[in-house]
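Peer 1: Structure: work_39.cif, mmCIF, C-alpha atoms and all ligand atoms.
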```
data_coords
loop_
_atom_site.label_atom_id
_atom_site.label_comp_id
_atom_site.auth_asym_id
_atom_site.auth_seq_id
_atom_site.Cartn_x
_atom_site.Cartn_y
_atom_site.Cartn_z
CA MET K 1 -98.25 34.63 44.57
CA ALA K 2 -95.08 36.66 45.02
CA TYR K 3 -92.36 35.70 47.47
CA ASN K 4 -90.74 38.70 49.11
CA VAL K 5 -87.70 39.11 51.32
CA THR K 6 -89.95 40.14 54.19
CA LYS K 7 -93.65 39.95 54.83
CA ILE K 8 -95.28 42.41 57.16
CA LYS K 9 -97.18 40.78 60.00
CA LEU K 10 -99.64 43.28 61.42
CA PRO K 11 -100.70 43.03 65.05
CA LYS K 12 -104.22 41.65 65.58
CA TYR K 13 -106.74 44.32 64.54
CA GLU K 14 -108.92 44.00 67.67
CA GLU K 15 -105.88 44.14 69.96
CA TYR K 16 -104.62 47.24 68.21
CA CYS K 17 -108.03 48.96 68.50
CA GLU K 18 -108.10 48.11 72.20
CA LYS K 19 -104.60 49.50 72.69
CA ILE K 20 -105.27 52.82 70.97
CA LYS K 21 -108.56 53.41 72.86
CA LYS K 22 -106.40 55.09 75.49
CA ILE K 23 -105.48 57.77 72.96
CA TRP K 24 -109.15 58.79 72.66
CA LEU K 25 -109.41 58.93 76.44
CA ASN K 26 -106.35 61.05 77.11
CA ASN K 27 -106.12 62.94 73.78
CA HIS K 28 -102.34 62.46 73.89
CA VAL K 29 -101.31 61.72 70.28
CA THR K 30 -97.61 62.56 70.31
CA ASN K 31 -94.88 64.36 72.35
CA PHE K 32 -93.62 61.88 74.94
CA GLY K 33 -96.96 60.15 75.61
CA PRO K 34 -97.72 57.23 77.92
CA LEU K 35 -97.63 54.66 75.11
CA GLU K 36 -94.16 55.78 74.06
CA LYS K 37 -93.09 55.46 77.71
CA GLU K 38 -94.65 51.99 77.89
CA LEU K 39 -92.83 50.95 74.72
CA GLU K 40 -89.57 52.33 76.12
CA ASN K 41 -89.96 50.18 79.25
CA CYS K 42 -90.85 47.10 77.19
CA LEU K 43 -87.79 47.65 74.99
CA CYS K 44 -85.44 48.19 77.95
CA ASN K 45 -86.71 44.96 79.39
CA TYR K 46 -86.48 42.98 76.15
CA LEU K 47 -83.03 44.29 75.22
CA ASN K 48 -81.76 44.19 78.79
CA VAL K 49 -80.56 47.81 78.68
CA GLU K 50 -81.22 50.77 80.96
CA ASN K 51 -81.24 53.80 78.70
CA ILE K 52 -83.03 53.98 75.39
CA VAL K 53 -84.26 56.91 73.31
CA ILE K 54 -87.07 56.06 70.88
CA VAL K 55 -87.12 58.05 67.64
CA ASN K 56 -89.11 58.22 64.41
CA ASN K 57 -86.77 56.13 62.23
CA GLY K 58 -83.37 54.46 62.14
CA THR K 59 -81.82 57.25 60.07
CA THR K 60 -82.86 59.81 62.69
CA ALA K 61 -81.28 57.53 65.30
CA LEU K 62 -77.97 57.69 63.41
CA LEU K 63 -78.19 61.47 62.86
CA LEU K 64 -78.91 62.16 66.53
CA ALA K 65 -76.21 59.76 67.69
CA ILE K 66 -73.60 61.49 65.50
CA LYS K 67 -74.88 64.92 66.54
CA TYR K 68 -74.44 63.94 70.17
CA PHE K 69 -70.65 64.06 69.72
CA ASP K 70 -70.78 67.68 68.52
CA LEU K 71 -68.01 67.29 65.94
CA ASN K 72 -66.68 69.95 63.60
CA VAL K 73 -67.60 70.01 59.93
CA GLY K 74 -65.06 67.98 58.00
CA ASP K 75 -64.07 65.72 60.89
CA GLU K 76 -63.61 62.16 59.69
CA ILE K 77 -65.73 59.22 60.70
CA LEU K 78 -64.51 55.71 59.88
CA THR K 79 -67.25 53.43 58.60
CA SER K 80 -67.82 50.50 56.30
CA PRO K 81 -69.61 51.22 53.02
CA PHE K 82 -71.04 47.68 53.12
CA SER K 83 -74.21 48.72 54.91
CA PHE K 84 -77.50 50.32 53.96
CA PRO K 85 -76.64 53.75 52.42
CA ALA K 86 -78.28 55.45 55.46
CA THR K 87 -75.16 54.71 57.54
CA THR K 88 -72.78 56.66 55.29
CA HIS K 89 -75.38 59.24 54.26
CA ALA K 90 -76.10 60.13 57.90
CA ILE K 91 -72.40 60.99 58.24
CA SER K 92 -72.20 63.16 55.12
CA PHE K 93 -75.65 64.70 55.65
CA ILE K 94 -74.54 66.04 59.02
CA GLY K 95 -71.44 67.57 57.46
CA MET K 96 -68.80 65.04 58.47
CA THR K 97 -66.54 63.13 56.12
CA PRO K 98 -67.03 59.36 55.87
CA LYS K 99 -63.78 57.47 55.41
CA PHE K 100 -64.26 53.93 54.23
CA VAL K 101 -62.73 50.87 55.84
CA ASP K 102 -63.09 47.51 54.11
CA ILE K 103 -64.91 44.46 55.45
CA VAL K 104 -63.09 41.45 56.92
CA SER K 105 -63.71 39.09 53.98
CA ASN K 106 -66.37 38.08 51.46
CA GLU K 107 -67.70 35.58 53.99
CA ILE K 108 -67.59 38.00 56.95
CA PRO K 109 -68.93 41.29 55.57
CA LEU K 110 -68.22 43.32 58.71
CA MET K 111 -65.94 46.32 59.17
CA ASP K 112 -62.41 45.07 59.71
CA PRO K 113 -60.88 46.19 63.05
CA LEU K 114 -57.33 45.75 61.77
CA GLU K 115 -57.93 48.07 58.83
CA THR K 116 -59.87 50.43 61.06
CA GLU K 117 -56.84 50.96 63.26
CA LEU K 118 -54.58 51.46 60.22
CA ASN K 119 -56.90 54.22 58.96
CA ILE K 120 -57.00 56.24 62.17
CA SER K 121 -55.49 59.71 61.84
CA GLU K 122 -55.69 62.90 63.89
CA LYS K 123 -58.82 63.73 61.86
CA THR K 124 -60.68 60.61 63.03
CA LYS K 125 -63.28 61.53 65.62
CA LEU K 126 -65.75 58.64 65.52
CA ILE K 127 -66.09 55.04 64.31
CA ILE K 128 -69.41 53.66 63.00
CA PRO K 129 -69.41 49.94 62.20
CA THR K 130 -72.65 48.11 61.26
CA HIS K 131 -73.65 44.73 62.69
CA ILE K 132 -74.69 43.61 59.20
CA TYR K 133 -77.57 41.09 59.02
CA GLY K 134 -77.45 40.94 62.84
CA ILE K 135 -73.89 39.54 62.84
CA PRO K 136 -71.96 41.29 65.61
CA CYS K 137 -68.73 43.06 64.68
CA ASP K 138 -65.59 42.06 66.55
CA LEU K 139 -66.74 43.83 69.71
CA GLU K 140 -63.67 43.17 71.85
CA ARG K 141 -61.20 44.36 69.24
CA PHE K 142 -63.22 47.50 68.51
CA GLU K 143 -63.42 48.15 72.25
CA THR K 144 -59.63 47.95 72.51
CA ILE K 145 -59.15 50.30 69.55
CA SER K 146 -61.67 52.77 70.95
CA LYS K 147 -59.91 52.89 74.33
CA LYS K 148 -56.39 52.98 72.90
CA HIS K 149 -57.11 55.91 70.57
CA ASN K 150 -59.81 57.55 72.67
CA ILE K 151 -62.30 57.49 69.78
CA PRO K 152 -65.94 56.68 70.56
CA ILE K 153 -67.92 54.08 68.64
CA ILE K 154 -71.53 54.15 67.48
CA TYR K 155 -72.74 50.73 66.36
CA ASP K 156 -75.37 50.72 63.64
CA ALA K 157 -77.37 47.83 65.08
CA SER K 158 -80.39 48.36 62.81
CA HIS K 159 -80.62 44.63 62.08
CA CYS K 160 -80.10 43.43 65.65
CA MET K 161 -83.46 43.24 67.42
CA GLY K 162 -83.61 39.73 68.86
CA CYS K 163 -79.88 38.99 68.49
CA LYS K 164 -78.78 37.79 71.92
CA ASP K 165 -76.18 35.71 73.59
CA ASP K 166 -75.97 34.18 77.06
CA LYS K 167 -72.51 35.58 77.71
CA ILE K 168 -72.61 39.06 76.17
CA ASN K 169 -75.09 41.76 75.34
CA ILE K 170 -74.06 43.43 72.07
CA PHE K 171 -75.69 46.65 73.29
CA ASP K 172 -73.23 46.89 76.17
CA TYR K 173 -70.50 47.72 73.64
CA GLY K 174 -69.68 51.09 72.11
CA SER K 175 -70.82 54.47 73.29
CA LEU K 176 -74.19 54.30 71.53
CA SER K 177 -76.03 51.76 69.35
CA THR K 178 -78.79 52.59 66.90
CA LEU K 179 -81.75 50.47 65.83
CA SER K 180 -84.25 50.67 62.97
CA PHE K 181 -87.88 49.72 63.55
CA HIS K 182 -88.87 50.03 59.90
CA ALA K 183 -91.83 47.94 58.71
CA THR K 184 -89.50 45.43 57.05
CA LYS K 185 -87.54 44.69 60.22
CA ILE K 186 -88.20 41.84 62.66
CA PHE K 187 -89.60 44.33 65.17
CA SER K 188 -91.37 47.40 63.89
CA THR K 189 -93.24 50.57 64.76
CA ILE K 190 -94.01 50.97 61.01
CA GLU K 191 -91.35 53.69 60.85
CA GLY K 192 -89.21 54.10 63.93
CA GLY K 193 -85.90 53.53 65.59
CA ALA K 194 -83.99 53.93 68.82
CA ILE K 195 -80.65 54.84 70.33
CA ILE K 196 -79.30 52.69 73.11
CA CYS K 197 -77.14 54.79 75.45
CA SER K 198 -74.47 53.74 77.91
CA THR K 199 -75.42 56.43 80.44
CA LYS K 200 -78.44 58.34 81.72
CA LYS K 201 -76.61 61.58 80.88
CA GLN K 202 -76.36 60.57 77.22
CA LYS K 203 -80.05 59.69 77.22
CA ASN K 204 -81.00 63.11 78.62
CA ILE K 205 -78.97 64.97 76.01
CA LEU K 206 -80.30 62.81 73.16
CA GLU K 207 -83.89 63.38 74.36
CA GLN K 208 -83.20 67.12 74.04
CA ILE K 209 -81.70 66.82 70.56
CA LYS K 210 -84.75 64.72 69.61
CA ASN K 211 -87.05 67.51 70.86
CA PHE K 212 -85.74 70.53 68.88
CA GLY K 213 -83.10 71.20 71.55
CA PHE K 214 -85.58 71.91 74.38
CA ASN K 215 -84.90 70.71 77.90
CA ASN K 216 -87.64 69.88 80.43
CA ASN K 217 -88.01 73.56 81.39
CA ARG K 218 -88.65 74.54 77.75
CA SER K 219 -85.28 76.29 77.52
CA LEU K 220 -83.36 75.76 74.30
CA ILE K 221 -80.02 74.30 75.23
CA CYS K 222 -78.70 72.76 72.00
CA ASP K 223 -79.41 72.28 68.29
CA GLY K 224 -82.15 69.78 67.74
CA ILE K 225 -84.64 68.30 65.31
CA ASN K 226 -88.00 66.59 65.55
CA GLY K 227 -87.20 62.93 66.19
CA LYS K 228 -90.37 62.01 68.10
CA LEU K 229 -92.48 58.89 67.63
CA ASN K 230 -96.27 59.26 67.89
CA GLU K 231 -98.58 57.29 70.16
CA PHE K 232 -100.23 55.27 67.37
CA GLN K 233 -96.87 53.87 66.31
CA ALA K 234 -95.86 53.24 69.92
CA ALA K 235 -99.06 51.18 70.41
CA TYR K 236 -98.21 49.19 67.27
CA GLY K 237 -94.72 48.55 68.62
CA ILE K 238 -95.94 47.35 72.04
CA LEU K 239 -98.05 44.68 70.33
CA LYS K 240 -95.36 43.74 67.82
CA LEU K 241 -92.84 43.15 70.59
CA LYS K 242 -95.07 40.42 72.04
CA ASP K 243 -94.83 38.61 68.73
CA ILE K 244 -91.11 38.87 68.06
CA GLU K 245 -90.01 35.46 69.35
CA ASP K 246 -92.68 33.65 67.26
CA GLU K 247 -91.52 35.48 64.16
CA ILE K 248 -87.89 34.62 64.88
CA GLU K 249 -88.86 30.96 65.37
CA ALA K 250 -90.67 30.93 62.00
CA LYS K 251 -87.66 32.49 60.26
CA LYS K 252 -85.28 30.07 61.94
CA LYS K 253 -87.10 27.18 60.24
CA ILE K 254 -86.84 28.88 56.85
CA HIS K 255 -83.09 29.40 57.40
CA LYS K 256 -82.68 25.75 58.25
CA PHE K 257 -84.56 24.69 55.13
CA TYR K 258 -82.34 26.81 52.87
CA ASP K 259 -79.23 25.60 54.71
CA GLN K 260 -80.13 21.98 54.07
CA ASN K 261 -81.66 22.19 50.61
CA ILE K 262 -79.66 24.67 48.58
CA LEU K 263 -76.98 22.89 46.55
CA TRP K 264 -73.98 24.88 47.67
CA ASN K 265 -71.25 25.10 45.04
CA GLU K 266 -68.74 27.50 43.49
CA ASN K 267 -71.56 29.64 42.11
CA ILE K 268 -73.81 29.76 45.18
CA LYS K 269 -72.14 30.44 48.49
CA LYS K 270 -73.72 31.08 51.86
CA ILE K 271 -72.82 33.99 54.08
CA LYS K 272 -72.95 32.62 57.60
CA THR K 273 -75.03 34.85 59.86
CA GLU K 274 -75.55 32.84 63.05
CA TYR K 275 -72.70 33.83 65.37
CA LEU K 276 -74.71 34.52 68.53
CA LYS K 277 -76.59 31.87 70.47
CA HIS K 278 -79.90 33.57 69.64
CA HIS K 279 -79.85 34.95 66.11
CA ASN K 280 -82.88 36.73 64.65
CA TYR K 281 -82.72 35.13 61.16
CA ILE K 282 -83.82 38.39 59.58
CA TYR K 283 -81.94 37.91 56.28
CA TYR K 284 -80.64 34.98 54.26
CA PRO K 285 -77.76 36.41 52.20
CA ILE K 286 -76.05 34.34 49.50
CA LEU K 287 -73.24 35.13 47.08
CA VAL K 288 -73.86 34.42 43.40
CA ASN K 289 -71.83 35.08 40.26
CA ASP K 290 -74.02 37.72 38.72
CA ALA K 291 -76.45 39.22 41.26
CA LYS K 292 -78.15 41.40 38.67
CA LYS K 293 -78.88 38.50 36.33
CA VAL K 294 -79.88 36.15 39.15
CA SER K 295 -82.26 38.75 40.63
CA SER K 296 -84.12 39.19 37.37
CA GLU K 297 -84.13 35.42 36.70
CA LEU K 298 -85.73 34.78 40.11
CA GLU K 299 -88.09 37.72 39.76
CA ASN K 300 -89.44 36.11 36.59
CA SER K 301 -90.73 33.38 38.92
CA ASP K 302 -92.11 35.98 41.36
CA ILE K 303 -89.23 35.39 43.78
CA ASN K 304 -88.42 38.97 44.74
CA VAL K 305 -84.94 38.84 46.18
CA ARG K 306 -83.17 41.97 47.40
CA ARG K 307 -79.64 43.06 46.69
CA TYR K 308 -78.71 43.97 50.27
CA PHE K 309 -76.60 46.04 49.91
CA PHE K 310 -76.38 47.36 46.39
CA PRO K 311 -75.86 50.12 45.52
CA LEU K 312 -73.61 51.18 48.37
CA ALA K 313 -73.59 54.79 49.51
CA LYS K 314 -73.70 57.49 46.88
CA ASP K 315 -70.16 57.85 45.63
CA ASN K 316 -70.06 61.59 45.03
CA TYR K 317 -67.91 64.65 45.59
CA LYS K 318 -68.72 64.67 49.30
CA ASN K 319 -67.07 61.35 49.70
CA PRO K 320 -63.48 61.37 48.58
CA SER K 321 -62.74 57.77 49.57
CA PRO K 322 -63.55 55.11 46.94
CA PHE K 323 -65.31 51.88 47.86
CA PRO K 324 -62.77 49.34 49.07
CA ASN K 325 -62.42 46.07 47.13
CA LYS K 326 -64.11 43.47 49.32
CA SER K 327 -67.08 45.72 50.09
CA LYS K 328 -67.52 46.37 46.38
CA PHE K 329 -67.21 42.68 45.55
CA VAL K 330 -69.80 41.50 48.08
CA SER K 331 -72.14 44.32 47.10
CA GLU K 332 -71.99 43.17 43.47
CA HIS K 333 -72.55 39.49 44.28
CA VAL K 334 -74.95 39.33 47.21
CA ILE K 335 -78.68 38.66 47.17
CA CYS K 336 -81.04 38.01 50.07
CA LEU K 337 -83.63 35.26 49.69
CA PRO K 338 -87.31 35.48 50.72
CA MET K 339 -87.79 35.18 54.47
CA GLY K 340 -91.52 35.88 54.88
CA TYR K 341 -92.65 34.34 58.19
CA ASP K 342 -95.53 32.46 56.52
CA LEU K 343 -93.65 30.71 53.71
CA THR K 344 -94.95 27.15 53.52
CA HIS K 345 -92.97 23.96 52.94
CA ASN K 346 -94.15 23.96 49.30
CA ASP K 347 -93.17 27.61 48.86
CA LEU K 348 -89.68 26.79 50.13
CA ILE K 349 -89.37 23.79 47.82
CA PHE K 350 -90.37 26.01 44.89
CA ILE K 351 -87.91 28.80 45.80
CA THR K 352 -85.05 26.39 46.50
CA GLU K 353 -85.56 24.53 43.23
CA LYS K 354 -85.37 27.81 41.32
CA VAL K 355 -82.21 28.79 43.20
CA ASN K 356 -80.63 25.40 42.53
CA ASN K 357 -81.37 25.71 38.81
CA LEU K 358 -80.05 29.21 38.32
CA THR K 359 -78.03 29.84 35.23
CA GLY K 360 -76.49 33.15 36.39
C1 LIG K 401 -77.98 49.08 58.41
C2 LIG K 401 -79.08 50.11 58.37
N1 LIG K 401 -78.85 51.33 58.88
C3 LIG K 401 -79.79 52.28 58.87
C4 LIG K 401 -81.04 52.05 58.32
C5 LIG K 401 -82.06 53.14 58.27
O1 LIG K 401 -83.20 52.85 59.02
P1 LIG K 401 -84.61 53.50 58.67
O2 LIG K 401 -85.09 52.90 57.40
O3 LIG K 401 -85.47 53.10 59.84
O4 LIG K 401 -84.41 54.96 58.57
C6 LIG K 401 -81.33 50.79 57.77
C7 LIG K 401 -82.66 50.55 57.20
O5 LIG K 401 -83.03 49.61 56.65
C8 LIG K 401 -80.32 49.80 57.79
O6 LIG K 401 -80.52 48.59 57.24
#
```
Show me this structure written as structure tokens.

Peer 2:
Amino acid sequence: MAYNVTKIKLPKYEEYCEKIKKIWLNNHVTNFGPLEKELENCLCNYLNVENIVIVNNGTTALLLAIKYFDLNVGDEILTSPFSFPATTHAISFIGMTPKFVDIVSNEIPLMDPLETELNISEKTKLIIPTHIYGIPCDLERFETISKKHNIPIIYDASHCMGCKDDKINIFDYGSLSTLSFHATKIFSTIEGGAIICSTKKQKNILEQIKNFGFNNNRSLICDGINGKLNEFQAAYGILKLKDIEDEIEAKKKIHKFYDQNILWNENIKKIKTEYLKHHNYIYYPILVNDAKKVSSELENSDINVRRYFFPLAKDNYKNPSPFPNKSKFVSEHVICLPMGYDLTHNDLIFITEKVNNLTG
């Protein structure tokens, strides 16, 4: 038995077959079908937002969101390298220059607003912070910076499905937020993603960029790519969304078990992730002395941890700014523990004992 960081929970087979029957009746397999529309409504409702554009993965969501701002090649975008490489690579892939800003601290691995402001120059055209592990960035301070310098923000909220608070909605902040619905995430369309927009106008433009640049009259009005999600994946998503709170509840218990049973010391430190009233418990990141050694030690016991996030973005000629210190440090020391929804009490005892007896 192997213990993985995530375990995929498929929707019930019979329910899925029932849901996709419609596709055989209407022969609509892709291109803005009724199931995609249904998923869009379900997501708007769940996330409490008005404008959402569903796309075929989280990287496409980032690419389209950046493209929306129609920048010039070479314009700088401030971002934190402590994220999945897709965040930085989306910037460089589209021809912009990522400029790295460090994270707040080893314990709060989020893009630092203070450093962000210090790094703003006349070349800065966009800011892309990531809500790592579902922890929200300092939304108010980023909002102030954005207004003061007139620079829009795209939040990479790939980890944030299910992260809610009574007082604020994290998706009300920034110009756009992107989500990933990859199979390993708490909500999934197998591959998929979305862009949450502040306005209907943004949504309309992003729908066009997602559809090769066509508008509703089949006129080409901008550059575009194929960012569409098909009906089979939309059906999968509709069913998965019904299950999300149960999965979060299961993961919450696993979090609590690790919290209470890991022997925290100088060599094993927790990264706190629960800042909102309703966290999604998607990852359980810890800091260890030697992440490489610890990973292979645990893997010898079939505990397949993940080094989220190592390596950071590709450090090549396209990216003149080196990785800042704290981002590099956390990247070299972090591992994420197994969070499969069906881990039993005995599984957790086994994993925790191995973690408590690490030599690395
Ligand atoms: C922070 C972050 N941004 C972007 C992505 C890219 O999403 P996708 O794999 O759906 O393309 C991921 C994927 O895991 C991610 O973790």

Peer 1: Set out as CSV a contact list for chain K and ligand LIG 401 (chain K) with a cut-off of 8 Å, giving each residue of chain K that qualifies its closest atom pair and distance in Å to one decimal, counting only C-alpha atoms and all ligand atoms, ordered by chain and rising residue number.

Peer 2:
```
residue,atom,partner,partner_atom,distance
K:Asn56,CA,K:LIG401,O3,7.8
K:Asn57,CA,K:LIG401,O3,4.1
K:Gly58,CA,K:LIG401,O3,3.4
K:Thr59,CA,K:LIG401,O4,3.8
K:Thr60,CA,K:LIG401,O4,6.5
K:Ala61,CA,K:LIG401,O4,7.9
K:Leu62,CA,K:LIG401,C3,7.3
K:Ser83,CA,K:LIG401,C1,5.2
K:Phe84,CA,K:LIG401,C1,4.6
K:Pro85,CA,K:LIG401,N1,7.2
K:Ala86,CA,K:LIG401,C3,4.9
K:Thr87,CA,K:LIG401,N1,5.2
K:Thr130,CA,K:LIG401,C1,6.1
K:His131,CA,K:LIG401,C1,7.5
K:Ile132,CA,K:LIG401,C1,6.4
K:Asp156,CA,K:LIG401,N1,5.9
K:Ala157,CA,K:LIG401,C1,6.8
K:Ser158,CA,K:LIG401,C2,4.9
K:His159,CA,K:LIG401,O6,6.3
K:Leu179,CA,K:LIG401,O1,7.4
K:Ser180,CA,K:LIG401,O3,4.1
K:Phe181,CA,K:LIG401,O3,5.6
K:His182,CA,K:LIG401,O3,4.6
K:Thr184,CA,K:LIG401,O5,7.7
K:Lys185,CA,K:LIG401,O5,7.6
K:Glu191,CA,K:LIG401,O3,6.0
K:Gly192,CA,K:LIG401,O3,5.6
K:Gly193,CA,K:LIG401,O3,5.8
```

Peer 1: Restricted to C-alpha atoms, what would the selected residues look like written as a JSON list (two decimals), in the frame of the given file?

Peer 2:
```json
[["chain", "number", "residue", "atom", "x", "y", "z"],
["K", 56, "ASN", "CA", -89.11, 58.22, 64.41],
["K", 57, "ASN", "CA", -86.77, 56.13, 62.23],
["K", 58, "GLY", "CA", -83.37, 54.46, 62.14],
["K", 59, "THR", "CA", -81.82, 57.25, 60.07],
["K", 60, "THR", "CA", -82.86, 59.81, 62.69],
["K", 61, "ALA", "CA", -81.28, 57.53, 65.30],
["K", 62, "LEU", "CA", -77.97, 57.69, 63.41],
["K", 83, "SER", "CA", -74.21, 48.72, 54.91],
["K", 84, "PHE", "CA", -77.50, 50.32, 53.96],
["K", 85, "PRO", "CA", -76.64, 53.75, 52.42],
["K", 86, "ALA", "CA", -78.28, 55.45, 55.46],
["K", 87, "THR", "CA", -75.16, 54.71, 57.54],
["K", 130, "THR", "CA", -72.65, 48.11, 61.26],
["K", 131, "HIS", "CA", -73.65, 44.73, 62.69],
["K", 132, "ILE", "CA", -74.69, 43.61, 59.20],
["K", 156, "ASP", "CA", -75.37, 50.72, 63.64],
["K", 157, "ALA", "CA", -77.37, 47.83, 65.08],
["K", 158, "SER", "CA", -80.39, 48.36, 62.81],
["K", 159, "HIS", "CA", -80.62, 44.63, 62.08],
["K", 179, "LEU", "CA", -81.75, 50.47, 65.83],
["K", 180, "SER", "CA", -84.25, 50.67, 62.97],
["K", 181, "PHE", "CA", -87.88, 49.72, 63.55],
["K", 182, "HIS", "CA", -88.87, 50.03, 59.90],
["K", 184, "THR", "CA", -89.50, 45.43, 57.05],
["K", 185, "LYS", "CA", -87.54, 44.69, 60.22],
["K", 191, "GLU", "CA", -91.35, 53.69, 60.85],
["K", 192, "GLY", "CA", -89.21, 54.10, 63.93],
["K", 193, "GLY", "CA", -85.90, 53.53, 65.59]]
```

Peer 1: Which protein, DNA or RNA residues have an atom at most 9 Å from (-71.6, 36.3, 45.8), counting all atoms listed in the file? List them as a PyMOL selection string.

Peer 2: chain K and resi 106+267-271+285-291+329-335

Peer 1: Using Å and a single decimal, report how far atom CA of K:Thr359 sits from atom CA of K:Asn265.

Peer 2: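 These two atoms are separated by 12.8 Å.
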
Peer 1: Kindly extract all protein, DNA and RNA residues lying within 12 Å of the coordinates (-55.4, 56.6, 70.7) given in the file, considering all atoms listed in the file, and supply them as a list in words.

Peer 2: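 Here the neighbourhood of the point contains Glu117, Leu118, Ile120, Ser121, Glu122, Lys123, Thr124, Lys125, Leu126, Glu143, Thr144, Ile145, Ser146, Lys147, Lys148, His149, Asn150, Ile151 and Pro152 of chain K.
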
Peer 1: Using only C-alpha atoms, find the one residue out of K:Lys99, K:Lys37, K:Lys256, K:His279 that sits nearest to K:Glu76.

Peer 2: K:Lys99

Peer 1: Just want the 12 Å neighbourhood of K:Glu249, counted on all atoms listed in the file, with same-chain residues fewer than 2 positions away dropped. Output as a PyMOL selection string.

Peer 2: chain K and resi 162+186+243-247+251-256+278-282+339-342

Peer 1: Export, as a short mmCIF file (atom, residue, chain, number, x, y, z; two decimals), in the coordinates of the input, the selected residues with C-alpha atoms.

Peer 2:
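Listing of selection.cif after writing:
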```cif
data_model
loop_
_atom_site.label_atom_id
_atom_site.label_comp_id
_atom_site.auth_asym_id
_atom_site.auth_seq_id
_atom_site.Cartn_x
_atom_site.Cartn_y
_atom_site.Cartn_z
CA GLY K 162 -83.61 39.73 68.86
CA ILE K 186 -88.20 41.84 62.66
CA ASP K 243 -94.83 38.61 68.73
CA ILE K 244 -91.11 38.87 68.06
CA GLU K 245 -90.01 35.46 69.35
CA ASP K 246 -92.68 33.65 67.26
CA GLU K 247 -91.52 35.48 64.16
CA LYS K 251 -87.66 32.49 60.26
CA LYS K 252 -85.28 30.07 61.94
CA LYS K 253 -87.10 27.18 60.24
CA ILE K 254 -86.84 28.88 56.85
CA HIS K 255 -83.09 29.40 57.40
CA LYS K 256 -82.68 25.75 58.25
CA HIS K 278 -79.90 33.57 69.64
CA HIS K 279 -79.85 34.95 66.11
CA ASN K 280 -82.88 36.73 64.65
CA TYR K 281 -82.72 35.13 61.16
CA ILE K 282 -83.82 38.39 59.58
CA MET K 339 -87.79 35.18 54.47
CA GLY K 340 -91.52 35.88 54.88
CA TYR K 341 -92.65 34.34 58.19
CA ASP K 342 -95.53 32.46 56.52
#
```

Peer 1: Tell me, in Å to one decimal, how far atom CA of K:Ile153 is from atom CA of K:Phe69.

Peer 2: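 For atom CA of K:Ile153 relative to atom CA of K:Phe69, the distance reads 10.4 Å.
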
Peer 1: At what distance in Å, to one decimal, does atom CA of K:Cys336 lie from atom CA of K:Ile103?

Peer 2: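 A separation of 18.2 Å between them.
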